[in-house]
Amino acid sequence: MAVAFRNNIIVTIFAIALIVMIGSIAAYPLARRQTGWNRFIYALFVSALIVPPLTILVPLYKFMVDISGMNTYWGVILLHVTFHLPMTSFCTPDLSVRFRRSWTKPR
């Protein structure tokens with residue numbers, strides 16, 4: 001039981017750290033600059049959310065076997081980051097302004 005708890009903590013900490021770092025790096029320019037390229041990437045993230053994970057289960061298993069990611073920490077972390085990263089990219093300019101205002105001191 002202690003080993004399973006330790007494994008869960010390791011995967012969770014690294015997956016959340018990577019998701020937050022990569023997601024925030026991707027979300028800021030997508031929210032601030034309205035270009036055709038950014039709209040394409042935003043549409044790509046939305047389309048990734050539309051596909052149910054069960055439809056890609058067999059190809060994903062084969063891919064993980066090919067890159068020797070089965071029963072490894074980095075394999076599980078990679079899957080978590082891959083499936084949760086599109087959700088972190090939904091940051092609108094209005095949301096970022098509200099966040100910045102809530103953390104600044106009134107003058």
# chains A, B, ... in the order shown; residues from 1 in each chain; ligands from 1

$ select_by_dssp --residues "chain A" --states "helix (DSSP H, G or I)" --output "ChimeraX atom specification"
/A:2-32,36-50,53-66,73-88,93-103

$ residues_around --residues "range 49-65 of chain A" --least-positions-apart "2" --cutoff "12 Å" --atoms "only C-alpha atoms" --output "JSON, numbers by chain"
{"A": [42, 43, 44, 45, 46, 47, 67, 68, 69, 70, 71, 72, 74, 75, 76, 77, 78, 79, 80, 82, 83, 84, 85, 86, 87, 88, 89, 90]}

$ write_last_selection --atoms "N, CA, C and O atoms" --output "compact mmCIF listing (two decimals), in the first residue's frame"
# COMPACT_ATOMS: atom_id res chain seq x y z
N TYR A 42 -5.37 26.86 -31.26
CA TYR A 42 -6.52 26.81 -30.36
C TYR A 42 -7.54 25.78 -30.87
O TYR A 42 -8.06 24.98 -30.09
N ALA A 43 -7.81 25.79 -32.18
CA ALA A 43 -8.73 24.81 -32.76
C ALA A 43 -8.18 23.39 -32.64
O ALA A 43 -8.95 22.44 -32.43
N LEU A 44 -6.86 23.24 -32.74
CA LEU A 44 -6.24 21.93 -32.56
C LEU A 44 -6.44 21.42 -31.13
O LEU A 44 -6.76 20.25 -30.92
N PHE A 45 -6.30 22.32 -30.15
CA PHE A 45 -6.53 21.93 -28.75
C PHE A 45 -7.98 21.54 -28.52
O PHE A 45 -8.28 20.57 -27.82
N VAL A 46 -8.90 22.30 -29.10
CA VAL A 46 -10.32 21.98 -28.95
C VAL A 46 -10.65 20.65 -29.61
O VAL A 46 -11.39 19.83 -29.06
N SER A 47 -10.08 20.39 -30.78
CA SER A 47 -10.34 19.12 -31.45
C SER A 47 -9.75 17.95 -30.66
O SER A 47 -10.29 16.84 -30.70
N ILE A 67 7.88 2.73 -27.52
CA ILE A 67 8.87 3.62 -26.92
C ILE A 67 9.31 3.15 -25.53
O ILE A 67 9.98 3.89 -24.81
N SER A 68 8.93 1.94 -25.17
CA SER A 68 9.29 1.33 -23.88
C SER A 68 8.80 2.17 -22.70
O SER A 68 9.52 2.37 -21.72
N GLY A 69 7.58 2.63 -22.78
CA GLY A 69 7.02 3.45 -21.72
C GLY A 69 6.09 2.71 -20.79
O GLY A 69 5.52 3.30 -19.88
N MET A 70 5.94 1.41 -20.98
CA MET A 70 5.06 0.63 -20.11
C MET A 70 5.73 0.40 -18.77
O MET A 70 6.92 0.12 -18.69
N ASN A 71 4.95 0.53 -17.70
CA ASN A 71 5.40 0.31 -16.32
C ASN A 71 6.57 1.20 -15.94
O ASN A 71 7.48 0.78 -15.22
N THR A 72 6.57 2.43 -16.44
CA THR A 72 7.60 3.39 -16.05
C THR A 72 6.91 4.67 -15.57
O THR A 72 5.77 4.95 -15.95
N TRP A 74 7.89 7.79 -16.26
CA TRP A 74 7.80 8.79 -17.32
C TRP A 74 6.71 8.44 -18.32
O TRP A 74 6.11 9.34 -18.93
N GLY A 75 6.40 7.15 -18.51
CA GLY A 75 5.32 6.76 -19.42
C GLY A 75 3.96 7.20 -18.91
O GLY A 75 3.14 7.75 -19.65
N VAL A 76 3.72 7.00 -17.62
CA VAL A 76 2.45 7.41 -17.03
C VAL A 76 2.35 8.94 -16.97
O VAL A 76 1.30 9.52 -17.25
N ILE A 77 3.45 9.59 -16.63
CA ILE A 77 3.47 11.05 -16.59
C ILE A 77 3.20 11.62 -17.98
O ILE A 77 2.44 12.58 -18.14
N LEU A 78 3.81 11.03 -19.00
CA LEU A 78 3.59 11.47 -20.38
C LEU A 78 2.12 11.36 -20.77
O LEU A 78 1.57 12.26 -21.41
N LEU A 79 1.47 10.28 -20.39
CA LEU A 79 0.05 10.12 -20.70
C LEU A 79 -0.81 11.17 -19.98
O LEU A 79 -1.72 11.74 -20.58
N HIS A 80 -0.52 11.40 -18.72
CA HIS A 80 -1.28 12.41 -17.99
C HIS A 80 -1.10 13.80 -18.61
O HIS A 80 -2.07 14.53 -18.77
N THR A 82 -0.23 14.52 -21.67
CA THR A 82 -0.82 14.54 -23.00
C THR A 82 -2.34 14.72 -22.95
O THR A 82 -2.90 15.49 -23.73
N PHE A 83 -3.00 14.05 -22.04
CA PHE A 83 -4.46 14.12 -22.00
C PHE A 83 -4.98 15.35 -21.27
O PHE A 83 -6.11 15.77 -21.50
N HIS A 84 -4.20 15.96 -20.40
CA HIS A 84 -4.69 17.11 -19.64
C HIS A 84 -4.17 18.46 -20.14
O HIS A 84 -4.67 19.50 -19.73
N LEU A 85 -3.19 18.46 -21.01
CA LEU A 85 -2.61 19.71 -21.48
C LEU A 85 -3.58 20.58 -22.29
O LEU A 85 -3.57 21.80 -22.11
N PRO A 86 -4.42 20.04 -23.16
CA PRO A 86 -5.33 20.93 -23.91
C PRO A 86 -6.26 21.74 -23.02
O PRO A 86 -6.63 22.86 -23.35
N MET A 87 -6.63 21.21 -21.86
CA MET A 87 -7.54 21.94 -20.98
C MET A 87 -6.88 23.17 -20.36
O MET A 87 -7.55 24.15 -20.06
N THR A 88 -5.58 23.15 -20.21
CA THR A 88 -4.89 24.28 -19.58
C THR A 88 -4.69 25.45 -20.53
O THR A 88 -4.29 26.52 -20.09
N SER A 89 -4.94 25.27 -21.79
CA SER A 89 -4.68 26.34 -22.76
C SER A 89 -5.86 27.30 -22.93
O SER A 89 -5.77 28.23 -23.71
N PHE A 90 -6.94 27.11 -22.20
CA PHE A 90 -8.11 27.97 -22.33
C PHE A 90 -8.03 29.14 -21.36
O PHE A 90 -8.67 29.17 -20.33

$ closest_residue --among "A:Ala4, A:Val81, A:Ile41, A:Ala48" --to "Met21 in chain A" --atoms "only C-alpha atoms"
A:Val81

$ atom_distance --atom1 "CA of Ile22 in chain A" --atom2 "CA of Asn7 in chain A"
22.4 Å

$ atom_distance --atom1 "CA of Tyr28 in chain A" --atom2 "CA of Tyr73 in chain A"
28.8 Å
